[in-house]
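The data block below is input-v9.txt; it holds compact mmCIF, C-alpha atoms.
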```txt
# COMPACT_ATOMS: atom_id res chain seq x y z
CA MET A 1 112.49 154.33 85.88
CA ASP A 2 112.32 155.63 89.45
CA PHE A 3 115.06 157.70 91.04
CA GLY A 4 116.23 157.63 94.64
CA ILE A 5 119.14 158.85 96.72
CA ALA A 6 121.77 156.70 98.41
CA THR A 7 123.73 158.41 101.16
CA SER A 8 125.19 158.07 104.63
CA VAL A 9 123.39 160.17 107.23
CA THR A 10 125.93 161.08 109.92
CA ASP A 11 126.40 163.40 112.87
CA GLU A 12 128.37 165.72 110.56
CA GLY A 13 125.82 166.19 107.78
CA ILE A 14 122.22 167.07 107.06
CA ARG A 15 119.67 165.62 109.46
CA PRO A 16 117.52 162.79 108.08
CA HIS A 17 114.17 164.56 108.46
CA VAL A 18 115.44 167.63 106.59
CA LEU A 19 116.93 165.47 103.85
CA ALA A 20 113.79 163.35 103.45
CA ALA A 21 111.46 166.35 103.24
CA ALA A 22 113.67 167.87 100.55
CA LEU A 23 113.77 164.62 98.58
CA GLU A 24 110.00 164.31 98.51
CA GLU A 25 109.57 167.97 97.61
CA LYS A 26 112.01 167.63 94.70
CA GLY A 27 110.29 164.54 93.31
CA PHE A 28 112.65 161.75 94.32
CA ASP A 29 111.06 158.36 94.90
CA SER A 30 113.23 156.78 97.61
CA LEU A 31 115.98 157.15 100.18
CA TYR A 32 118.49 154.37 100.88
CA LEU A 33 120.77 154.34 103.91
CA PRO A 34 123.62 151.94 104.75
CA GLU A 35 124.47 150.25 108.04
CA HIS A 36 127.58 149.66 110.11
CA SER A 37 127.34 149.03 113.83
CA HIS A 38 131.03 150.01 114.06
CA ILE A 39 134.27 149.88 112.12
CA PRO A 40 137.10 147.97 113.83
CA VAL A 41 140.20 150.14 114.19
CA SER A 42 142.50 147.30 113.21
CA ARG A 43 141.25 145.33 110.23
CA GLU A 44 142.40 143.50 107.13
CA SER A 45 139.15 143.66 105.13
CA PRO A 46 139.50 146.11 102.23
CA TYR A 47 136.61 148.43 101.47
CA PRO A 48 135.16 147.34 98.09
CA GLY A 49 135.12 150.89 96.74
CA GLY A 50 138.72 151.75 97.57
CA GLU A 51 139.25 154.16 100.45
CA LEU A 52 136.81 153.76 103.33
CA PRO A 53 134.41 156.74 103.23
CA ARG A 54 134.07 158.84 106.35
CA GLY A 55 130.34 158.19 106.32
CA ALA A 56 130.95 154.52 107.08
CA LEU A 57 132.65 155.55 110.31
CA ARG A 58 129.93 157.91 111.51
CA ASN A 59 126.61 156.74 110.02
CA LEU A 60 123.48 156.89 112.15
CA ASP A 61 121.48 153.77 112.80
CA PRO A 62 119.51 153.46 109.55
CA PHE A 63 116.19 152.55 111.13
CA VAL A 64 116.28 155.44 113.59
CA ALA A 65 117.16 157.80 110.73
CA LEU A 66 114.43 156.37 108.50
CA ALA A 67 111.89 156.71 111.30
CA ALA A 68 112.74 160.42 111.46
CA ALA A 69 112.39 160.59 107.68
CA ALA A 70 108.98 158.90 107.85
CA THR A 71 107.55 161.60 110.12
CA VAL A 72 107.94 164.37 107.51
CA THR A 73 107.07 162.45 104.32
CA SER A 74 104.10 160.60 102.89
CA THR A 75 105.26 159.03 99.61
CA LEU A 76 109.04 158.64 99.86
CA ARG A 77 110.09 154.98 100.02
CA LEU A 78 112.44 154.27 102.93
CA GLY A 79 115.12 151.67 102.33
CA THR A 80 118.37 150.18 103.55
CA ALA A 81 121.26 149.54 101.20
CA VAL A 82 122.31 147.56 102.83
CA ALA A 83 121.37 146.41 106.31
CA LEU A 84 123.84 143.92 107.74
CA MET A 85 121.24 141.39 108.80
CA ILE A 86 123.83 138.76 109.72
CA GLN A 87 124.94 141.01 112.60
CA ARG A 88 121.37 141.41 113.90
CA ASP A 89 119.02 139.50 116.12
CA VAL A 90 116.19 138.28 113.93
CA LEU A 91 113.37 138.79 116.47
CA TYR A 92 114.35 142.36 117.32
CA THR A 93 114.85 143.18 113.65
CA ALA A 94 111.44 141.80 112.71
CA LYS A 95 109.79 144.10 115.26
CA GLU A 96 111.94 147.10 114.29
CA ILE A 97 111.11 146.84 110.59
CA ALA A 98 107.44 146.12 111.20
CA SER A 99 107.24 149.14 113.50
CA LEU A 100 108.84 151.39 110.88
CA ASP A 101 106.52 150.00 108.21
CA LEU A 102 103.52 150.75 110.42
CA LEU A 103 104.66 154.29 111.21
CA SER A 104 105.43 155.00 107.54
CA ASN A 105 102.20 153.40 106.29
CA GLY A 106 103.93 150.66 104.34
CA ARG A 107 106.88 152.46 102.75
CA VAL A 108 109.79 150.31 103.93
CA ILE A 109 112.19 148.48 101.59
CA PHE A 110 114.46 146.10 103.47
CA GLY A 111 117.71 145.89 101.51
CA VAL A 112 120.21 143.37 102.88
CA GLY A 113 123.66 142.06 102.11
CA ALA A 114 126.09 139.55 103.57
CA GLY A 115 128.66 142.25 104.33
CA TRP A 116 132.33 142.79 103.48
CA ASN A 117 133.96 143.69 106.82
CA ILE A 118 135.13 140.40 108.27
CA GLU A 119 136.35 141.96 111.53
CA GLU A 120 133.04 143.73 112.10
CA MET A 121 130.99 140.57 111.70
CA ARG A 122 133.35 138.59 113.90
CA ASN A 123 132.82 141.15 116.66
CA HIS A 124 129.15 140.17 116.48
CA GLY A 125 130.03 136.49 116.81
CA VAL A 126 129.32 135.73 113.15
CA GLU A 127 131.35 133.09 111.34
CA PRO A 128 132.21 134.70 107.98
CA ARG A 129 132.34 131.40 106.11
CA THR A 130 128.68 130.63 106.85
CA ARG A 131 127.25 134.16 106.68
CA GLY A 132 125.40 133.46 103.44
CA ALA A 133 123.58 130.46 104.87
CA LEU A 134 122.78 132.48 108.01
CA LEU A 135 121.33 135.32 105.95
CA THR A 136 119.11 132.97 103.98
CA GLU A 137 117.64 131.47 107.17
CA GLN A 138 117.17 134.93 108.67
CA LEU A 139 115.12 136.05 105.66
CA GLN A 140 112.98 132.94 105.92
CA ALA A 141 112.46 133.51 109.64
CA LEU A 142 111.55 137.18 109.14
CA LYS A 143 108.78 136.20 106.74
CA GLU A 144 107.40 133.72 109.26
CA ILE A 145 107.34 136.36 112.01
CA TRP A 146 105.76 139.01 109.78
CA THR A 147 103.04 136.81 108.32
CA LYS A 148 101.97 134.46 111.12
CA ASP A 149 100.37 135.12 114.49
CA GLU A 150 102.25 132.19 115.98
CA ALA A 151 105.57 132.01 114.21
CA GLU A 152 108.29 129.43 114.63
CA PHE A 153 111.45 128.52 112.78
CA HIS A 154 113.82 125.61 113.07
CA GLY A 155 116.98 125.81 110.99
CA LYS A 156 120.68 125.18 111.39
CA HIS A 157 121.49 128.79 112.30
CA ILE A 158 118.13 130.19 113.46
CA ASP A 159 115.90 128.25 115.82
CA PHE A 160 112.93 129.32 117.93
CA ASP A 161 109.66 127.78 119.10
CA PRO A 162 106.30 129.52 118.46
CA VAL A 163 106.32 133.23 119.33
CA TYR A 164 103.96 136.19 119.25
CA SER A 165 105.34 139.32 117.62
CA TRP A 166 103.41 142.49 116.85
CA PRO A 167 103.00 144.86 115.10
CA LYS A 168 102.68 143.16 111.78
CA PRO A 169 103.82 145.15 108.73
CA VAL A 170 101.32 147.28 106.83
CA ARG A 171 102.67 146.06 103.48
CA LYS A 172 101.33 142.60 102.68
CA PRO A 173 102.53 139.97 102.83
CA HIS A 174 105.56 141.84 104.18
CA PRO A 175 107.90 144.73 103.31
CA PRO A 176 109.76 143.97 100.09
CA ILE A 177 113.16 142.38 100.63
CA TYR A 178 115.93 143.44 98.27
CA VAL A 179 119.22 141.57 98.28
CA ALA A 180 122.67 142.59 97.12
CA GLY A 181 125.22 140.19 95.67
CA GLN A 182 126.03 138.95 92.19
CA GLY A 183 127.68 135.57 92.76
CA PRO A 184 125.87 132.26 92.32
CA ALA A 185 124.85 132.04 95.99
CA GLY A 186 123.58 135.62 96.06
CA LEU A 187 121.54 135.18 92.90
CA LYS A 188 120.08 131.94 94.21
CA ARG A 189 119.04 133.82 97.37
CA LEU A 190 117.54 136.52 95.16
CA ALA A 191 115.44 134.12 93.13
CA GLU A 192 114.23 132.07 96.08
CA HIS A 193 113.74 134.60 98.88
CA ALA A 194 113.72 138.22 97.63
CA ASP A 195 111.49 140.75 95.91
CA GLY A 196 114.23 142.94 94.47
CA TRP A 197 117.89 143.00 93.49
CA LEU A 198 120.39 145.68 94.58
CA PRO A 199 123.31 145.58 92.14
CA HIS A 200 125.98 148.27 92.50
CA SER A 201 126.20 150.93 89.82
CA VAL A 202 129.48 149.47 88.51
CA THR A 203 127.52 146.42 87.35
CA PRO A 204 127.57 146.45 83.53
CA PRO A 205 124.19 146.98 81.87
CA GLU A 206 124.60 143.69 80.01
CA GLU A 207 124.76 141.92 83.38
CA LEU A 208 121.42 143.47 84.32
CA ARG A 209 119.96 142.03 81.12
CA ARG A 210 121.49 138.63 81.81
CA VAL A 211 120.14 138.48 85.36
CA ARG A 212 116.72 139.73 84.23
CA SER A 213 116.58 136.91 81.66
CA TRP A 214 117.83 134.37 84.20
CA LEU A 215 115.17 135.46 86.71
CA ALA A 216 112.50 135.04 84.05
CA ASP A 217 113.71 131.49 83.51
CA GLN A 218 113.22 130.92 87.26
CA GLY A 219 109.65 132.22 87.05
CA ARG A 220 110.61 135.48 88.79
CA GLU A 221 109.64 138.17 86.29
CA ASP A 222 108.27 140.13 89.26
CA VAL A 223 111.70 140.92 90.80
CA ARG A 224 112.56 144.63 90.73
CA ILE A 225 116.08 145.78 89.90
CA SER A 226 117.24 148.78 91.92
CA VAL A 227 120.75 149.91 90.98
CA PHE A 228 122.54 151.34 93.99
CA GLY A 229 124.92 154.28 94.32
CA ALA A 230 125.07 155.58 90.76
CA PRO A 231 126.84 158.79 89.73
CA ALA A 232 124.71 161.49 88.11
CA ASP A 233 125.88 160.56 84.62
CA PRO A 234 122.93 160.92 82.19
CA GLY A 235 124.52 158.53 79.70
CA LEU A 236 124.98 155.81 82.31
CA LEU A 237 121.49 156.34 83.67
CA ARG A 238 119.98 155.95 80.20
CA ARG A 239 121.96 152.75 79.65
CA LEU A 240 120.73 151.37 82.98
CA ALA A 241 117.14 152.21 82.06
CA ASP A 242 117.55 150.54 78.67
CA ALA A 243 118.97 147.46 80.44
CA GLY A 244 115.81 147.07 82.48
CA ALA A 245 116.56 148.81 85.78
CA ASP A 246 113.35 149.71 87.59
CA GLU A 247 115.08 152.19 89.90
CA VAL A 248 118.44 153.89 90.31
CA SER A 249 119.60 155.51 93.54
CA LEU A 250 122.04 158.37 92.93
CA ILE A 251 124.99 158.66 95.27
CA LEU A 252 124.90 161.75 97.49
CA PRO A 253 128.00 162.70 99.50
CA THR A 254 127.58 163.42 103.19
CA LEU A 255 127.51 167.22 103.38
CA PRO A 256 126.18 169.98 105.65
CA GLU A 257 122.58 170.99 105.13
CA ALA A 258 123.03 173.97 102.81
CA GLU A 259 125.48 172.15 100.54
CA THR A 260 123.26 169.07 100.45
CA LEU A 261 120.22 171.06 99.36
CA GLU A 262 122.23 172.72 96.60
CA ARG A 263 123.44 169.35 95.38
CA LEU A 264 119.90 167.96 95.45
CA ASP A 265 118.76 170.82 93.22
CA GLU A 266 121.43 169.80 90.70
CA LEU A 267 120.44 166.13 90.86
CA ALA A 268 116.74 166.95 90.54
CA LYS A 269 117.41 168.84 87.31
CA ILE A 270 119.26 165.86 85.86
CA VAL A 271 116.46 163.51 86.87
CA GLU A 272 113.82 165.79 85.37
CA GLN A 273 115.60 165.64 82.01
CA LEU A 274 115.56 161.85 82.10
CA ARG A 275 111.95 161.27 83.11
```
This entry written out as structure tokens:
Amino acid sequence: MDFGIATSVTDEGIRPHVLAAALEEKGFDSLYLPEHSHIPVSRESPYPGGELPRGALRNLDPFVALAAAATVTSTLRLGTAVALMIQRDVLYTAKEIASLDLLSNGRVIFGVGAGWNIEEMRNHGVEPRTRGALLTEQLQALKEIWTKDEAEFHGKHIDFDPVYSWPKPVRKPHPPIYVAGQGPAGLKRLAEHADGWLPHSVTPPEELRRVRSWLADQGREDVRISVFGAPADPGLLRRLADAGADEVSLILPTLPEAETLERLDELAKIVEQLR
């Protein structure tokens, strides 16, 4: 099982290039960053994990941060967990991800979710009730743009005539798409349109086994399972490995540089014992 780090890179913590270099040096396999364009001051949407973390208020743009990380690493996989694709323009996003994949020599993992902050998505003009259908069409359109010289897409939510868009990604046929979500619609999107699944660490190991079996029934034995945001609990990590997780990203609080590097030393020792 591979081990990564999930964290929010902010203006108050370690810089992304310093973090990424340390991760690669200490033997971690991946770095996952979240996305929020903003957090509305007045909102009714509860944060799924309880109290809204400060990192969600101050996180850097994930693709800018990952580009900085790419410049000082050569093997570290660079992912989002998760990018809020429904709040993004599909043509700009296709170019942004392809550019990062080119600059990192094919190390991008595009993790996406439908989002939880209703007020945030409404500020982007997104109708919350149809965000799942929008996300599905966006993923289909991204694949067209990444894999065809003259790409076009005609759906209910996304519609454009033939376009040119370069660069194309280094990874073929395209950077792997990982999706979050555990409901019927999310799992359907996973089986039909994704390369990996991003369940949260609170997902019971038996659910990982169930979904793995269900994916096999859909002819999708190739889907990777990357558990997101896990605590550094050796017992839990062993149970996740036994349940079939291909990767676990350990949660890392947003801290100043010196404290972050100390914490990474602690996490690296735990990982070494589990490998």
Near Ser201 of chain A, within 6 Å and counting only C-alpha atoms, which residues show up once chain neighbours fewer than 2 positions away are dropped, as a PDB file with C-alpha atoms, keeping the file's coordinate frame?
```
ATOM      1  CA  THR A 203     127.520 146.420  87.350  1.00  0.00           C
ATOM      2  CA  VAL A 227     120.750 149.910  90.980  1.00  0.00           C
ATOM      3  CA  PHE A 228     122.540 151.340  93.990  1.00  0.00           C
ATOM      4  CA  GLY A 229     124.920 154.280  94.320  1.00  0.00           C
ATOM      5  CA  ALA A 230     125.070 155.580  90.760  1.00  0.00           C
TER       6      ALA A 230
END
```
Of A:Gln87, A:Ala65, A:Ala22, A:Gly111, the one nearest to Ser37 of chain A when counting all atoms listed in the file is A:Gln87
Taking only residues of segment 14-104 of chain A that have an atom at most 10 Å from an atom of segment 112-131 of chain A, what is each one's shortest atom pair and its distance in Å to one decimal, using all atoms listed in the file, in chain and number order, as CSV?
```
residue,atom,partner,partner_atom,distance
A:Pro34,CA,A:Val112,CA,9.4
A:Glu35,CA,A:Val112,CA,9.6
A:His36,CA,A:Glu120,CA,8.3
A:Ser37,CA,A:Glu120,CA,8.0
A:His38,CA,A:Glu120,CA,6.9
A:Ile39,CA,A:Glu120,CA,6.3
A:Pro40,CA,A:Glu120,CA,6.1
A:Val41,CA,A:Glu119,CA,9.4
A:Ser42,CA,A:Glu119,CA,8.3
A:Arg43,CA,A:Glu119,CA,6.1
A:Glu44,CA,A:Glu119,CA,7.6
A:Ser45,CA,A:Asn117,CA,5.5
A:Pro46,CA,A:Asn117,CA,7.6
A:Tyr47,CA,A:Trp116,CA,7.4
A:Pro48,CA,A:Trp116,CA,7.6
A:Gly79,CA,A:Val112,CA,9.8
A:Thr80,CA,A:Val112,CA,7.1
A:Ala81,CA,A:Val112,CA,6.5
A:Val82,CA,A:Val112,CA,4.7
A:Ala83,CA,A:Val112,CA,4.7
A:Leu84,CA,A:Gly113,CA,5.9
A:Met85,CA,A:Val112,CA,6.3
A:Ile86,CA,A:Arg131,CA,6.5
A:Gln87,CA,A:His124,CA,5.8
A:Arg88,CA,A:His124,CA,8.3
```
Select, counting all atoms listed in the file, all protein, DNA and RNA residues no farther than 7 Å from (105.7, 141.5, 107.9) in file coordinates, and express the selection as a ChimeraX atom specification. /A:98,143,145-147,168-169,172-175
Please identify all polymer residues within 10 Å of segment 91-97 of chain A, counting all atoms listed in the file, omitting same-chain residues fewer than 4 positions from it, and present them as a list of chain:residue names. A:Phe63, A:Val64, A:Ala67, A:Met85, A:Asp101, A:Leu102, A:Leu103, A:Val108, A:Ile109, A:Phe110, A:Gln138, A:Leu139, A:Ala141, A:Leu142, A:Lys143, A:Glu144, A:Ile145, A:Trp146, A:Phe160, A:Val163, A:Ser165, A:Trp166, A:Pro167, A:Lys168, A:Pro169, A:His174, A:Pro175
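Rounded to one decimal, atom CA of Val90 of chain A and atom CA of Arg171 of chain A lie 18.8 Å from each other.
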Computed interatomic separation between atom CA of Arg224 of chain A and atom CA of Leu76 of chain A (Å):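 According to the coordinates, atom CA of Arg224 of chain A and atom CA of Leu76 of chain A are separated by 17.1 Å.
For the atom pair formed by atom CA of Thr254 of chain A and atom CA of Ala232 of chain A, the distance is 15.5 Å, given to one decimal.
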Could you pull the residues within 8 Å of Thr73 of chain A, counting all atoms listed in the file, minus those fewer than 5 positions along the same chain, as a PyMOL selection string? chain A and resi 20-21+24
Restricting the calculation to only C-alpha atoms: of A:Leu264, A:Val9, A:Ala245, A:Val18, which residue gets closest to Thr71 of chain A?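 Result for the nearest residue to Thr71 of chain A: A:Val18.
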